[in-house]
>>> print(open('final.cif').read())   # mmCIF, C-alpha atoms and all ligand atoms
data_protein
loop_
_atom_site.label_atom_id
_atom_site.label_comp_id
_atom_site.auth_asym_id
_atom_site.auth_seq_id
_atom_site.Cartn_x
_atom_site.Cartn_y
_atom_site.Cartn_z
CA MET A 1 -0.92 18.03 1.95
CA LYS A 2 -3.61 20.40 3.19
CA ASN A 3 -1.34 23.34 2.36
CA GLY A 4 -1.05 21.88 -1.12
CA VAL A 5 -4.82 22.04 -1.53
CA VAL A 6 -4.98 25.62 -0.27
CA THR A 7 -2.02 27.05 -2.16
CA SER A 8 -2.71 25.32 -5.47
CA ASN A 9 -6.51 25.48 -5.17
CA SER A 10 -6.49 21.97 -6.55
CA ASP A 11 -7.17 18.53 -5.21
CA VAL A 12 -4.19 16.59 -3.89
CA ARG A 13 -3.39 12.91 -4.40
CA ILE A 14 -1.66 10.34 -2.23
CA VAL A 15 -0.75 7.20 -4.16
CA VAL A 16 0.37 4.15 -2.20
CA ALA A 17 2.31 1.30 -3.87
CA SER A 18 0.95 -2.08 -2.84
CA SER A 19 1.05 -5.51 -4.48
CA SER A 20 -1.10 -8.45 -5.49
CA LEU A 21 1.09 -10.36 -3.02
CA HIS A 22 -0.98 -8.78 -0.24
CA HIS A 23 -3.14 -11.90 -0.81
CA THR A 24 -0.43 -14.00 0.87
CA CYS A 25 -1.32 -12.44 4.24
CA GLN A 26 -4.73 -13.38 5.56
CA HIS A 27 -4.34 -12.06 9.09
CA ILE A 28 -2.33 -9.45 10.94
CA ASP A 29 -1.30 -9.93 14.53
CA LEU A 30 -0.61 -6.41 15.76
CA ASP A 31 1.61 -7.71 18.54
CA LEU A 32 3.97 -9.30 16.01
CA LEU A 33 4.34 -6.35 13.64
CA SER A 34 7.94 -5.63 14.60
CA SER A 35 8.94 -9.16 15.50
CA ALA A 36 12.50 -9.87 14.43
CA TRP A 37 11.81 -13.59 14.79
CA ARG A 38 10.52 -15.83 12.09
CA ILE A 39 6.72 -16.06 12.22
CA LYS A 40 6.11 -18.49 9.38
CA TRP A 41 8.03 -21.54 8.30
CA PRO A 42 10.07 -22.13 6.24
CA ALA A 43 12.16 -18.94 5.90
CA LEU A 44 11.21 -18.62 2.25
CA TYR A 45 7.50 -18.44 3.08
CA ASP A 46 8.19 -16.09 6.01
CA GLY A 47 9.88 -13.61 3.67
CA VAL A 48 7.10 -13.67 1.09
CA TRP A 49 4.45 -13.51 3.82
CA ARG A 50 6.13 -10.49 5.48
CA TYR A 51 6.25 -8.71 2.14
CA GLY A 52 2.57 -9.54 1.63
CA ARG A 53 1.77 -8.27 5.13
CA SER A 54 3.48 -4.96 4.42
CA LYS A 55 1.54 -4.66 1.16
CA LEU A 56 -1.71 -5.48 2.94
CA GLY A 57 -0.75 -2.75 5.40
CA ASN A 58 -0.34 -0.34 2.48
CA ILE A 59 -3.92 -0.95 1.33
CA LEU A 60 -5.29 -0.66 4.87
CA PHE A 61 -3.27 2.54 5.37
CA ALA A 62 -4.73 4.08 2.21
CA LYS A 63 -8.27 3.14 3.28
CA GLU A 64 -7.90 4.41 6.82
CA LEU A 65 -6.20 7.67 5.83
CA SER A 66 -8.93 8.24 3.28
CA ARG A 67 -11.60 7.58 5.90
CA ARG A 68 -9.97 9.97 8.36
CA LEU A 69 -9.62 12.72 5.79
CA LEU A 70 -13.27 12.38 4.84
CA SER A 71 -14.46 12.48 8.43
CA ASP A 72 -12.28 15.15 10.04
CA GLY A 73 -14.78 17.92 9.30
CA ASP A 74 -12.33 20.06 7.31
CA PRO A 75 -13.50 20.68 3.70
CA VAL A 76 -9.85 20.97 2.65
CA SER A 77 -9.30 17.34 3.71
CA ASN A 78 -12.08 16.24 1.37
CA ARG A 79 -9.95 17.36 -1.53
CA ILE A 80 -7.19 14.88 -0.71
CA TYR A 81 -7.64 11.57 -2.53
CA VAL A 82 -5.79 8.51 -1.24
CA ASN A 83 -5.64 5.27 -3.21
CA SER A 84 -3.35 2.25 -3.51
CA PHE A 85 -2.25 0.23 -6.51
CA PHE A 86 -0.44 -2.84 -7.75
CA PRO A 87 2.00 -1.70 -10.47
CA GLY A 88 2.17 -5.14 -12.08
CA MET A 89 4.81 -7.82 -12.29
CA ILE A 90 7.82 -5.78 -13.42
CA VAL A 91 11.42 -6.95 -13.13
CA THR A 92 13.20 -4.18 -11.24
CA ASP A 93 16.08 -4.05 -8.75
CA GLN A 94 13.63 -5.23 -6.11
CA TRP A 95 13.58 -8.63 -7.79
CA LEU A 96 17.27 -9.14 -6.99
CA GLY A 97 16.14 -9.57 -3.39
CA TRP A 98 14.50 -12.91 -4.24
CA ASP A 99 18.00 -14.43 -4.59
CA THR A 100 18.22 -14.25 -0.80
CA TYR A 101 15.28 -16.62 -0.47
CA PHE A 102 15.44 -18.74 -3.61
CA GLY A 103 19.16 -18.77 -4.38
CA SER A 104 20.69 -17.14 -7.45
CA THR A 105 19.59 -19.80 -9.95
CA LEU A 106 15.93 -19.80 -8.96
CA GLY A 107 16.08 -16.01 -8.50
CA TRP A 108 17.36 -15.69 -12.07
CA LEU A 109 14.58 -18.02 -13.27
CA MET A 110 11.98 -15.88 -11.50
CA ARG A 111 13.31 -12.78 -13.21
CA ALA A 112 13.21 -14.59 -16.55
CA VAL A 113 9.54 -15.55 -15.97
CA GLY A 114 8.81 -12.07 -14.60
CA SER A 115 10.04 -10.47 -17.78
CA TRP A 116 6.79 -11.72 -19.35
CA GLY A 117 4.85 -9.46 -16.99
CA GLN A 118 3.99 -5.80 -17.27
CA THR A 119 6.30 -3.09 -18.60
CA LEU A 120 7.67 -0.20 -16.56
CA GLU A 121 5.32 2.04 -18.52
CA ASP A 122 2.30 -0.08 -17.51
CA GLY A 123 3.25 0.22 -13.87
CA ALA A 124 3.87 3.94 -14.10
CA THR A 125 0.59 4.54 -15.93
CA THR A 126 -1.54 3.30 -13.04
CA ALA A 127 0.41 5.50 -10.61
CA LEU A 128 0.12 8.50 -12.91
CA TYR A 129 -3.59 7.89 -13.39
CA LEU A 130 -4.15 8.00 -9.64
CA ALA A 131 -1.85 11.01 -9.25
CA ALA A 132 -3.14 13.13 -12.09
CA SER A 133 -6.33 11.95 -13.78
CA ASP A 134 -9.54 13.97 -13.38
CA ASP A 135 -11.29 10.57 -13.19
CA VAL A 136 -10.15 10.20 -9.61
CA ARG A 137 -12.09 13.28 -8.55
CA GLU A 138 -15.02 12.76 -10.92
CA LYS A 139 -15.49 9.10 -9.94
CA ASN A 140 -14.68 9.91 -6.32
CA HIS A 141 -12.00 7.23 -6.01
CA ARG A 142 -11.08 7.15 -2.34
CA GLY A 143 -9.33 4.35 -0.48
CA GLN A 144 -9.59 2.10 -3.50
CA TYR A 145 -7.16 -0.40 -4.95
CA PHE A 146 -6.09 -0.45 -8.59
CA ILE A 147 -4.31 -2.93 -10.85
CA PRO A 148 -2.75 -2.48 -14.31
CA ILE A 149 -3.74 -0.57 -16.19
CA ALA A 150 -5.63 1.95 -14.06
CA ALA A 151 -8.38 -0.58 -13.28
CA GLU A 152 -10.24 -0.49 -10.00
CA TYR A 153 -10.06 -3.90 -8.35
CA GLN A 154 -11.34 -5.64 -5.24
CA PRO A 155 -8.42 -6.53 -2.93
CA SER A 156 -8.52 -9.46 -0.49
CA TRP A 157 -11.37 -9.62 2.04
CA ILE A 158 -9.08 -8.68 4.91
CA ALA A 159 -7.97 -5.56 3.04
CA GLY A 160 -11.57 -4.39 3.44
CA ASN A 161 -11.58 -4.84 7.23
CA MET A 162 -11.92 -1.24 8.44
CA GLU A 163 -11.68 -2.25 12.08
CA LEU A 164 -8.27 -3.75 11.38
CA ALA A 165 -7.35 -0.65 9.36
CA ARG A 166 -8.12 1.52 12.40
CA ASP A 167 -6.25 -0.77 14.79
CA LEU A 168 -3.25 -0.83 12.49
CA TRP A 169 -3.28 2.97 12.24
CA VAL A 170 -3.27 3.27 16.00
CA SER A 171 -0.49 0.71 16.37
CA VAL A 172 1.78 2.04 13.68
CA PHE A 173 0.77 5.30 12.13
CA SER A 174 -0.66 7.50 14.89
CA PRO A 175 2.71 8.82 16.12
CA PHE A 176 3.36 10.16 12.61
CA ALA A 177 -0.12 11.51 11.83
CA CYS A 178 -0.09 15.23 12.57
CA PHE A 179 -3.87 15.46 12.66
CA SER A 180 -4.70 12.27 14.52
CA SER A 181 -5.13 13.98 17.87
CA ARG A 182 -7.80 16.24 16.35
CA ASN A 183 -9.72 13.43 14.76
CA ARG A 184 -13.07 13.18 16.44
CA THR A 185 -14.05 9.98 14.65
CA GLY A 186 -10.78 8.15 15.10
CA SER A 187 -11.43 6.67 18.52
CA MET A 188 -10.33 3.12 18.41
CA PRO A 189 -11.71 -0.05 19.88
CA ARG A 190 -9.33 -1.87 22.17
CA ARG A 191 -6.38 -3.39 20.32
CA GLN A 192 -7.40 -6.77 18.99
CA ARG A 193 -5.82 -9.77 17.38
CA HIS A 194 -6.88 -10.62 13.84
N1 LIG B 1 8.34 -4.53 -9.41
C1 LIG B 1 7.29 -5.29 -9.13
O1 LIG B 1 7.05 -6.35 -9.76
C2 LIG B 1 6.34 -4.86 -8.05
C3 LIG B 1 5.19 -5.63 -7.86
C4 LIG B 1 4.31 -5.26 -6.87
C5 LIG B 1 4.56 -4.14 -6.09
N2 LIG B 1 5.70 -3.41 -6.29
C6 LIG B 1 5.93 -2.26 -5.42
O2 LIG B 1 6.26 -1.11 -6.17
C7 LIG B 1 7.11 -0.27 -5.40
C8 LIG B 1 8.33 0.08 -6.20
O3 LIG B 1 9.04 -1.12 -6.44
P1 LIG B 1 10.07 -1.26 -7.66
O4 LIG B 1 9.85 -2.58 -8.28
O5 LIG B 1 10.04 -0.04 -8.51
O6 LIG B 1 11.44 -1.36 -6.84
P2 LIG B 1 12.87 -0.75 -7.15
O7 LIG B 1 13.10 -0.58 -8.62
O8 LIG B 1 13.80 -1.63 -6.39
O9 LIG B 1 12.78 0.68 -6.52
C9 LIG B 1 12.59 0.86 -5.17
C10 LIG B 1 12.78 2.34 -4.89
O10 LIG B 1 12.54 2.54 -3.48
C11 LIG B 1 13.61 3.29 -2.98
N3 LIG B 1 13.84 2.89 -1.62
C12 LIG B 1 14.11 1.67 -1.12
N4 LIG B 1 14.25 1.70 0.19
C13 LIG B 1 14.03 2.97 0.56
C14 LIG B 1 14.03 3.64 1.80
N5 LIG B 1 14.25 2.98 2.93
N6 LIG B 1 13.75 4.95 1.81
C15 LIG B 1 13.51 5.62 0.66
N7 LIG B 1 13.50 5.04 -0.54
C16 LIG B 1 13.77 3.73 -0.59
C17 LIG B 1 14.82 2.96 -3.85
O11 LIG B 1 15.73 4.01 -3.79
P3 LIG B 1 17.28 3.79 -4.21
O12 LIG B 1 17.31 3.49 -5.65
O13 LIG B 1 17.89 5.10 -3.85
O14 LIG B 1 17.77 2.65 -3.37
C18 LIG B 1 14.18 2.83 -5.22
O15 LIG B 1 14.07 4.07 -5.87
C19 LIG B 1 7.42 -1.04 -4.10
O16 LIG B 1 6.55 -0.59 -3.09
C20 LIG B 1 7.10 -2.47 -4.49
O17 LIG B 1 6.75 -3.25 -3.35
C21 LIG B 1 6.60 -3.74 -7.26
#
>>> encode(input="final.cif", output="structure tokens", more="lines below")
Ligand SMILES: NC(=O)c1ccc[n+]([C@@H]2O[C@H](COP(=O)([O-])OP(=O)(O)OC[C@H]3O[C@@H](n4cnc5c(N)ncnc54)[C@H](OP(=O)(O)O)[C@@H]3O)[C@@H](O)[C@H]2O)c1
Amino acid sequence: MKNGVVTSNSDVRIVVASSSLHHTCQHIDLDLLSSAWRIKWPALYDGVWRYGRSKLGNILFAKELSRRLLSDGDPVSNRIYVNSFFPGMIVTDQWLGWDTYFGSTLGWLMRAVGSWGQTLEDGATTALYLAASDDVREKNHRGQYFIPIAAEYQPSWIAGNMELARDLWVSVFSPFACFSSRNRTGSMPRRQRH
């Protein structure tokens, strides 16, 4: 990403797909992130809640990466803009997965109701806005969450918990973050439950 800034002499964007279903998760227990066992009951709720947890993680990831890029002391990093978005309620292949939880009849009904939601174009427009619009640089959108169409929006309260965002980064993302070991501001408090 930094090479992209240097070689193109342009700002670079990272756009993270999240969901309004992040609201279904109001806490993250870092010790249970990779639990194969059911955490919530019944199974239906567990599946939706896990999806919501992953989407909450997406927002926290975008916020924490944005914070780290801003604070790593490299001016090139400041030209990388990271934001997350909810594309809208759009019936795609992903929606076939609900059959597993609801059964094929209810799954079909959900898709029928979902077809009243946003269009593919609506969903793509928010992503394209974050990826390409000058607004992002001019309005300094960093670590923010957007909904259709290209509207900045306040996510759930826990999605604004920067301590949790840092803890989650350390638990999950650090092994993959090439610059984490050089980050002077990334020192983490002891791992906590939330
Ligand atoms: N559709 C909605 O209503 C909705 C609402 C909220 C949020 N979202 C989010 O929007 C994003 C896109 O969802 P969508 O509705 O467009 O789903 P989709 O039509 O099912 O597309 C999912 C895409 O992800 C790819 N993919 C899946 N698993 C992958 C893996 N392990 N590695 C690499 N690529 C993988 C698939 O590739 P293949 O085609 O090759 O399998 C496919 O291109 C997701 O993050 C979803 O959670 C969607």
>>> residues_around(input="final.cif", residues="range 7-16 of chain A", least_positions_apart="2", cutoff="7 Å", atoms="all atoms listed in the file", output="PDB file with C-alpha atoms, keeping the file's coordinate frame")
ATOM      1  CA  MET A   1      -0.920  18.030   1.950  1.00  0.00           C
ATOM      2  CA  ASN A   3      -1.340  23.340   2.360  1.00  0.00           C
ATOM      3  CA  GLY A   4      -1.050  21.880  -1.120  1.00  0.00           C
ATOM      4  CA  VAL A   5      -4.820  22.040  -1.530  1.00  0.00           C
ATOM      5  CA  SER A  18       0.950  -2.080  -2.840  1.00  0.00           C
ATOM      6  CA  ASN A  58      -0.340  -0.340   2.480  1.00  0.00           C
ATOM      7  CA  ALA A  62      -4.730   4.080   2.210  1.00  0.00           C
ATOM      8  CA  ARG A  79      -9.950  17.360  -1.530  1.00  0.00           C
ATOM      9  CA  ILE A  80      -7.190  14.880  -0.710  1.00  0.00           C
ATOM     10  CA  TYR A  81      -7.640  11.570  -2.530  1.00  0.00           C
ATOM     11  CA  VAL A  82      -5.790   8.510  -1.240  1.00  0.00           C
ATOM     12  CA  ASN A  83      -5.640   5.270  -3.210  1.00  0.00           C
ATOM     13  CA  SER A  84      -3.350   2.250  -3.510  1.00  0.00           C
ATOM     14  CA  PHE A  85      -2.250   0.230  -6.510  1.00  0.00           C
ATOM     15  CA  ALA A 127       0.410   5.500 -10.610  1.00  0.00           C
ATOM     16  CA  LEU A 130      -4.150   8.000  -9.640  1.00  0.00           C
ATOM     17  CA  ALA A 131      -1.850  11.010  -9.250  1.00  0.00           C
TER      18      ALA A 131
END
>>> residues_near_ligand(input="final.cif", ligand="ligand LIG 1 (chain B)", cutoff="8 Å", atoms="only C-alpha atoms and all ligand atoms", output="PyMOL selection string")
chain A and resi 16-21+51+55+86-95+114
>>> atom_distance(input="final.cif", atom1="CA of Ile158 in chain A", atom2="CA of Gly52 in chain A")
12.1 Å
>>> closest_residue(input="final.cif", among="A:His22, A:Arg53, A:Lys2, A:Arg111", to="Tyr145 in chain A", atoms="only C-alpha atoms")
A:His22
>>> closest_residue(input="final.cif", among="A:Ser171, A:Ser104, A:Asn161, A:Thr126", to="His27 in chain A", atoms="only C-alpha atoms")
A:Asn161
>>> residues_around(input="final.cif", residues="Asp46 in chain A", least_positions_apart="4", cutoff="12 Å", atoms="all atoms listed in the file", output="list in words")
Thr24, Cys25, Ser35, Ala36, Trp37, Arg38, Ile39, Lys40, Trp41, Pro42, Arg50, Tyr51, Gly52, Arg53 and Tyr101 of chain A
>>> write_last_selection(input="final.cif", atoms="C-alpha atoms", output="PDB file, in the coordinates of the input")
ATOM      1  CA  THR A  24      -0.430 -14.000   0.870  1.00  0.00           C
ATOM      2  CA  CYS A  25      -1.320 -12.440   4.240  1.00  0.00           C
ATOM      3  CA  SER A  35       8.940  -9.160  15.500  1.00  0.00           C
ATOM      4  CA  ALA A  36      12.500  -9.870  14.430  1.00  0.00           C
ATOM      5  CA  TRP A  37      11.810 -13.590  14.790  1.00  0.00           C
ATOM      6  CA  ARG A  38      10.520 -15.830  12.090  1.00  0.00           C
ATOM      7  CA  ILE A  39       6.720 -16.060  12.220  1.00  0.00           C
ATOM      8  CA  LYS A  40       6.110 -18.490   9.380  1.00  0.00           C
ATOM      9  CA  TRP A  41       8.030 -21.540   8.300  1.00  0.00           C
ATOM     10  CA  PRO A  42      10.070 -22.130   6.240  1.00  0.00           C
ATOM     11  CA  ARG A  50       6.130 -10.490   5.480  1.00  0.00           C
ATOM     12  CA  TYR A  51       6.250  -8.710   2.140  1.00  0.00           C
ATOM     13  CA  GLY A  52       2.570  -9.540   1.630  1.00  0.00           C
ATOM     14  CA  ARG A  53       1.770  -8.270   5.130  1.00  0.00           C
ATOM     15  CA  TYR A 101      15.280 -16.620  -0.470  1.00  0.00           C
TER      16      TYR A 101
END
>>> residues_around(input="final.cif", residues="Ala165 in chain A", least_positions_apart="5", cutoff="9 Å", atoms="only C-alpha atoms", output="number ranges by chain")
A: 57, 59-64, 159-160, 170
>>> closest_residue(input="final.cif", among="A:Leu168, A:Leu96, A:Val113, A:Ile149", to="Leu33 in chain A", atoms="all atoms listed in the file")
A:Leu168
>>> atom_distance(input="final.cif", atom1="CA of Asp31 in chain A", atom2="CA of Leu56 in chain A")
16.1 Å
>>> residues_near_point(input="final.cif", point="(-12.3, 5.8, 6.2)", cutoff="9 Å", atoms="only C-alpha atoms", output="NGL selection string")
:A and (62-71 or 142-143 or 162 or 165-166)
>>> atom_distance(input="final.cif", atom1="CA of Ala151 in chain A", atom2="CA of Val136 in chain A")
11.5 Å
>>> axis_aligned_box(input="final.cif", around="range 149-168 of chain A", padding_each_side="8 Å", output="lines of an AutoDock Vina configuration file")
center_x = -7.6
center_y = -3.8
center_z = -0.7
size_x = 24.7
size_y = 27.6
size_z = 47.0
>>> closest_residue(input="final.cif", among="A:Leu30, A:Val6, A:Val172, A:Val48", to="Thr100 in chain A", atoms="all atoms listed in the file")
A:Val48
